[in-house]
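What follows is the content of work37.pdb, which has PDB, C-alpha atoms:
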ATOM      1  CA  MET H   1       0.000   0.000   0.000
ATOM      2  CA  SER H   2       1.494   3.359  -0.940
ATOM      3  CA  GLU H   3       1.409   6.328   1.378
ATOM      4  CA  THR H   4      -0.999   9.071   0.427
ATOM      5  CA  ALA H   5      -1.965  12.436   1.861
ATOM      6  CA  THR H   6      -4.882  10.762   3.653
ATOM      7  CA  ASP H   7      -2.668   8.055   5.136
ATOM      8  CA  PRO H   8      -1.863   9.169   8.707
ATOM      9  CA  ILE H   9       1.593   7.608   8.449
ATOM     10  CA  ALA H  10       2.337   9.928   5.504
ATOM     11  CA  ASP H  11       1.614  12.921   7.768
ATOM     12  CA  PRO H  12       4.912  14.020   9.395
ATOM     13  CA  THR H  13       3.145  15.143  12.577
ATOM     14  CA  ALA H  14       1.366  11.807  12.866
ATOM     15  CA  ARG H  15       4.660   9.953  12.339
ATOM     16  CA  VAL H  16       6.368  11.961  15.066
ATOM     17  CA  ARG H  17       3.450  11.538  17.471
ATOM     18  CA  ALA H  18       3.365   7.781  16.821
ATOM     19  CA  LEU H  19       7.102   7.554  17.502
ATOM     20  CA  MET H  20       6.657   9.645  20.657
ATOM     21  CA  GLU H  21       3.927   7.315  21.872
ATOM     22  CA  ILE H  22       6.066   4.213  21.324
ATOM     23  CA  THR H  23       9.107   5.880  22.900
ATOM     24  CA  ASN H  24       7.119   6.990  25.955
ATOM     25  CA  ALA H  25       5.627   3.527  26.444
ATOM     26  CA  LEU H  26       9.027   1.842  26.142
ATOM     27  CA  SER H  27      10.577   4.401  28.483
ATOM     28  CA  THR H  28       7.844   3.705  31.048
ATOM     29  CA  ILE H  29       8.648  -0.001  30.966
ATOM     30  CA  PHE H  30      12.360   0.726  31.481
ATOM     31  CA  GLU H  31      11.428   2.951  34.419
ATOM     32  CA  GLN H  32       9.294   0.174  35.962
ATOM     33  CA  GLU H  33      12.031  -2.417  35.437
ATOM     34  CA  ASN H  34      14.680  -0.140  36.913
ATOM     35  CA  GLU H  35      12.530   0.422  39.992
ATOM     36  CA  LEU H  36      12.138  -3.333  40.391
ATOM     37  CA  LEU H  37      15.890  -3.863  40.005
ATOM     38  CA  GLU H  38      16.696  -1.071  42.462
ATOM     39  CA  THR H  39      14.330  -2.569  45.041
ATOM     40  CA  GLN H  40      15.800  -6.037  44.460
ATOM     41  CA  ARG H  41      12.654  -7.556  42.940
ATOM     42  CA  PRO H  42      13.976  -8.788  39.581
ATOM     43  CA  ARG H  43      11.483 -11.663  39.359
ATOM     44  CA  GLU H  44       8.684  -9.127  38.943
ATOM     45  CA  ILE H  45      10.208  -7.975  35.633
ATOM     46  CA  ALA H  46       9.123 -11.111  33.767
ATOM     47  CA  PRO H  47       5.526 -10.003  33.090
ATOM     48  CA  LEU H  48       6.801  -6.829  31.393
ATOM     49  CA  GLN H  49       8.968  -8.642  28.854
ATOM     50  CA  ALA H  50       6.374  -9.419  26.164
ATOM     51  CA  GLU H  51       5.194  -5.813  25.975
ATOM     52  CA  LYS H  52       8.772  -4.564  26.116
ATOM     53  CA  ALA H  53       9.743  -6.809  23.197
ATOM     54  CA  ARG H  54       6.721  -5.649  21.189
ATOM     55  CA  LEU H  55       7.459  -1.979  21.848
ATOM     56  CA  ALA H  56      11.182  -2.387  21.181
ATOM     57  CA  ALA H  57      10.429  -3.966  17.795
ATOM     58  CA  ALA H  58       7.960  -1.188  16.924
ATOM     59  CA  TYR H  59      10.459   1.446  18.077
ATOM     60  CA  ALA H  60      13.280  -0.081  16.026
ATOM     61  CA  GLN H  61      11.050  -0.251  12.940
ATOM     62  CA  SER H  62       9.967   3.369  13.376
ATOM     63  CA  ILE H  63      13.565   4.512  13.732
ATOM     64  CA  ARG H  64      14.525   2.566  10.589
ATOM     65  CA  ASP H  65      11.621   4.132   8.699
ATOM     66  CA  VAL H  66      12.677   7.630   9.746
ATOM     67  CA  ALA H  67      16.333   6.902   8.931
ATOM     68  CA  GLN H  68      15.369   5.743   5.436
ATOM     69  CA  ASN H  69      13.177   8.771   4.771
ATOM     70  CA  ARG H  70      14.070  11.777   6.903
ATOM     71  CA  ALA H  71      11.688  13.914   4.865
ATOM     72  CA  SER H  72       8.843  11.897   6.388
ATOM     73  CA  VAL H  73       9.314  13.832   9.661
ATOM     74  CA  GLN H  74      11.314  16.957   8.750
ATOM     75  CA  SER H  75       8.267  19.070   8.045
ATOM     76  CA  ALA H  76       6.745  18.321  11.463
ATOM     77  CA  ASP H  77       6.569  21.159  13.966
ATOM     78  CA  SER H  78      10.001  21.927  15.418
ATOM     79  CA  GLY H  79       8.549  21.996  18.939
ATOM     80  CA  LEU H  80       7.203  18.497  18.414
ATOM     81  CA  LEU H  81      10.590  17.321  17.132
ATOM     82  CA  GLY H  82      12.241  18.888  20.193
ATOM     83  CA  GLU H  83       9.821  17.035  22.447
ATOM     84  CA  LEU H  84      10.640  13.797  20.604
ATOM     85  CA  ARG H  85      14.348  14.427  21.246
ATOM     86  CA  GLU H  86      13.679  14.926  24.967
ATOM     87  CA  ILE H  87      11.613  11.749  25.173
ATOM     88  CA  THR H  88      14.303   9.834  23.279
ATOM     89  CA  ASN H  89      17.011  11.157  25.621
ATOM     90  CA  ALA H  90      14.951  10.031  28.635
ATOM     91  CA  LEU H  91      14.597   6.557  27.099
ATOM     92  CA  GLN H  92      18.345   6.361  26.490
ATOM     93  CA  GLU H  93      19.077   7.444  30.078
ATOM     94  CA  ARG H  94      16.745   4.792  31.461
ATOM     95  CA  ALA H  95      18.255   2.132  29.209
ATOM     96  CA  ALA H  96      21.770   3.144  30.334
ATOM     97  CA  ARG H  97      20.644   3.011  33.985
ATOM     98  CA  GLN H  98      19.248  -0.472  33.409
ATOM     99  CA  ARG H  99      22.531  -1.631  31.854
ATOM    100  CA  ALA H 100      24.384  -0.334  34.916
ATOM    101  CA  LEU H 101      21.945  -2.043  37.293
ATOM    102  CA  LEU H 102      22.196  -5.347  35.439
ATOM    103  CA  GLU H 103      26.004  -5.168  35.271
ATOM    104  CA  GLY H 104      26.104  -4.449  39.007
ATOM    105  CA  ALA H 105      23.836  -7.393  39.712
ATOM    106  CA  ALA H 106      25.980  -9.666  37.536
ATOM    107  CA  LYS H 107      29.161  -8.568  39.331
ATOM    108  CA  ALA H 108      27.518  -9.064  42.714
ATOM    109  CA  GLY H 109      26.426 -12.548  41.644
ATOM    110  CA  GLU H 110      29.952 -13.354  40.511
ATOM    111  CA  GLY H 111      31.269 -12.116  43.845
ATOM    112  CA  VAL H 112      28.888 -14.388  45.746
ATOM    113  CA  VAL H 113      29.901 -17.397  43.649
ATOM    114  CA  LYS H 114      33.609 -16.622  44.211
ATOM    115  CA  ALA H 115      33.055 -16.225  47.956
ATOM    116  CA  ILE H 116      31.227 -19.558  48.121
ATOM    117  CA  ALA H 117      33.997 -21.253  46.131
ATOM    118  CA  ALA H 118      36.661 -19.751  48.413
ATOM    119  CA  GLU H 119      34.782 -20.879  51.507
ATOM    120  CA  ALA H 120      34.364 -24.378  50.098
ATOM    121  CA  ALA H 121      38.095 -24.523  49.321
ATOM    122  CA  ALA H 122      38.908 -23.319  52.853
ATOM    123  CA  GLN H 123      36.643 -25.964  54.338
ATOM    124  CA  GLU H 124      38.310 -28.632  52.231
ATOM    125  CA  ARG H 125      41.797 -27.467  53.306
ATOM    126  CA  SER H 126      40.844 -27.474  56.986
ATOM    127  CA  GLN H 127      39.800 -31.115  56.724
ATOM    128  CA  SER H 128      43.107 -32.291  55.241
ATOM    129  CA  TYR H 129      46.256 -33.462  57.035
ATOM    130  CA  GLY H 130      49.894 -32.563  56.830
ATOM    131  CA  ASP H 131      50.865 -30.573  53.774
ATOM    132  CA  GLY H 132      47.352 -29.361  52.982
ATOM    133  CA  THR H 133      46.731 -31.998  50.346
ATOM    134  CA  PRO H 134      43.253 -33.420  50.800
ATOM    135  CA  THR H 135      43.240 -37.091  51.644
ATOM    136  CA  ALA H 136      40.593 -39.604  50.854
ATOM    137  CA  PRO H 137      38.531 -40.770  53.796
ATOM    138  CA  THR H 138      39.850 -43.967  55.352
ATOM    139  CA  PRO H 139      37.448 -46.831  54.822
ATOM    140  CA  ILE H 140      36.335 -48.671  57.913
ATOM    141  CA  SER H 141      35.257 -52.268  57.933
ATOM    142  CA  VAL H 142      33.697 -54.186  60.737
ATOM    143  CA  ASN H 143      34.311 -57.881  61.150
ATOM    144  CA  GLU H 144      31.250 -59.255  62.840
ATOM    145  CA  ASN H 145      32.917 -62.645  63.333
ATOM    146  CA  ALA H 146      35.632 -61.303  65.597
TER
END

Entire entry expressed as structure tokens:
Amino acid sequence: MSETATDPIADPTARVRALMEITNALSTIFEQENELLETQRPREIAPLQAEKARLAAAYAQSIRDVAQNRASVQSADSGLLGELREITNALQERAARQRALLEGAAKAGEGVVKAIAAEAAAQERSQSYGDGTPTAPTPISVNENA
């Protein structure tokens, strides 16, 4: 289907508003996820993932469409384009915050695993004899005929 003057997607203002709506919705999900990560409730993020994936795909497609045809939005009101830039910057800030939160959580998880491994190694060393080399447990047998 070709775009015409009656097609709302052909209207630069409508294109910008549609992109703003998608960007705002995606930004809201990032904000909700970041709040859940900050309050250490990552399991509650799962229900948001389907909508986030849908919005991210729509956002990516809209950005590709604009990149391929800048004229499709250039004639939109400059104030509206400025608002789109602000909304996009907010989305990028929230996405960057989420990356930092997830990297911090991953590093904390790695630290816990390393601490557990070190404690297990220390426990193993404390149960060994002599030079610190772990020894196999000595088997015990009972002779009931004796």

Give me the result of the PyMOL selection byres ((chain H and resi 85-89) around 12) on this file, residue by residue, as a compact mmCIF listing (two decimals) with C-alpha atoms, in the frame of the given file.
# COMPACT_ATOMS: atom_id res chain seq x y z
CA VAL H 16 6.37 11.96 15.07
CA ARG H 17 3.45 11.54 17.47
CA LEU H 19 7.10 7.55 17.50
CA MET H 20 6.66 9.64 20.66
CA GLU H 21 3.93 7.32 21.87
CA ILE H 22 6.07 4.21 21.32
CA THR H 23 9.11 5.88 22.90
CA ASN H 24 7.12 6.99 25.96
CA ALA H 25 5.63 3.53 26.44
CA LEU H 26 9.03 1.84 26.14
CA SER H 27 10.58 4.40 28.48
CA THR H 28 7.84 3.70 31.05
CA TYR H 59 10.46 1.45 18.08
CA ILE H 63 13.56 4.51 13.73
CA SER H 78 10.00 21.93 15.42
CA GLY H 79 8.55 22.00 18.94
CA LEU H 80 7.20 18.50 18.41
CA LEU H 81 10.59 17.32 17.13
CA GLY H 82 12.24 18.89 20.19
CA GLU H 83 9.82 17.04 22.45
CA LEU H 84 10.64 13.80 20.60
CA ALA H 90 14.95 10.03 28.64
CA LEU H 91 14.60 6.56 27.10
CA GLN H 92 18.34 6.36 26.49
CA GLU H 93 19.08 7.44 30.08
CA ARG H 94 16.74 4.79 31.46
CA ALA H 95 18.26 2.13 29.21
CA ALA H 96 21.77 3.14 30.33

Original post:
Which of these, H:Asp77, H:Glu38, H:Glu124, H:Glu51, has the shortest distance to H:Ala100 once you count all atoms listed in the file?
Top reply: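 For H:Ala100, the nearest of the candidates is H:Glu38.
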
Expressed in Å, the length from atom CA of H:Arg97 to atom CA of H:Ala60 is 19.7 Å

### Task
For the structure provided, state which residues fall under the PyMOL selection byres ((chain H and resi 71-73) around 7), and present them as number ranges by chain.
H: 10, 12-13, 15-16, 66, 69-70, 74-76

Mind checking which residues fall within 12 Å of H:Gly104, counting only C-alpha atoms, ignoring those fewer than 5 positions away in the same chain, and posting them as a compact mmCIF listing (two decimals) with C-alpha atoms, in the coordinates of the input?
# COMPACT_ATOMS: atom_id res chain seq x y z
CA LEU H 37 15.89 -3.86 40.01
CA GLU H 38 16.70 -1.07 42.46
CA GLN H 40 15.80 -6.04 44.46
CA ARG H 97 20.64 3.01 33.98
CA GLN H 98 19.25 -0.47 33.41
CA ARG H 99 22.53 -1.63 31.85
CA GLY H 109 26.43 -12.55 41.64
CA GLU H 110 29.95 -13.35 40.51
CA GLY H 111 31.27 -12.12 43.84

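One finds atom CA of H:Pro42 at 12.2 Å from atom CA of H:Ala106.
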
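Atom CA of H:Glu33 lies 5.9 Å from atom CA of H:Ile45.
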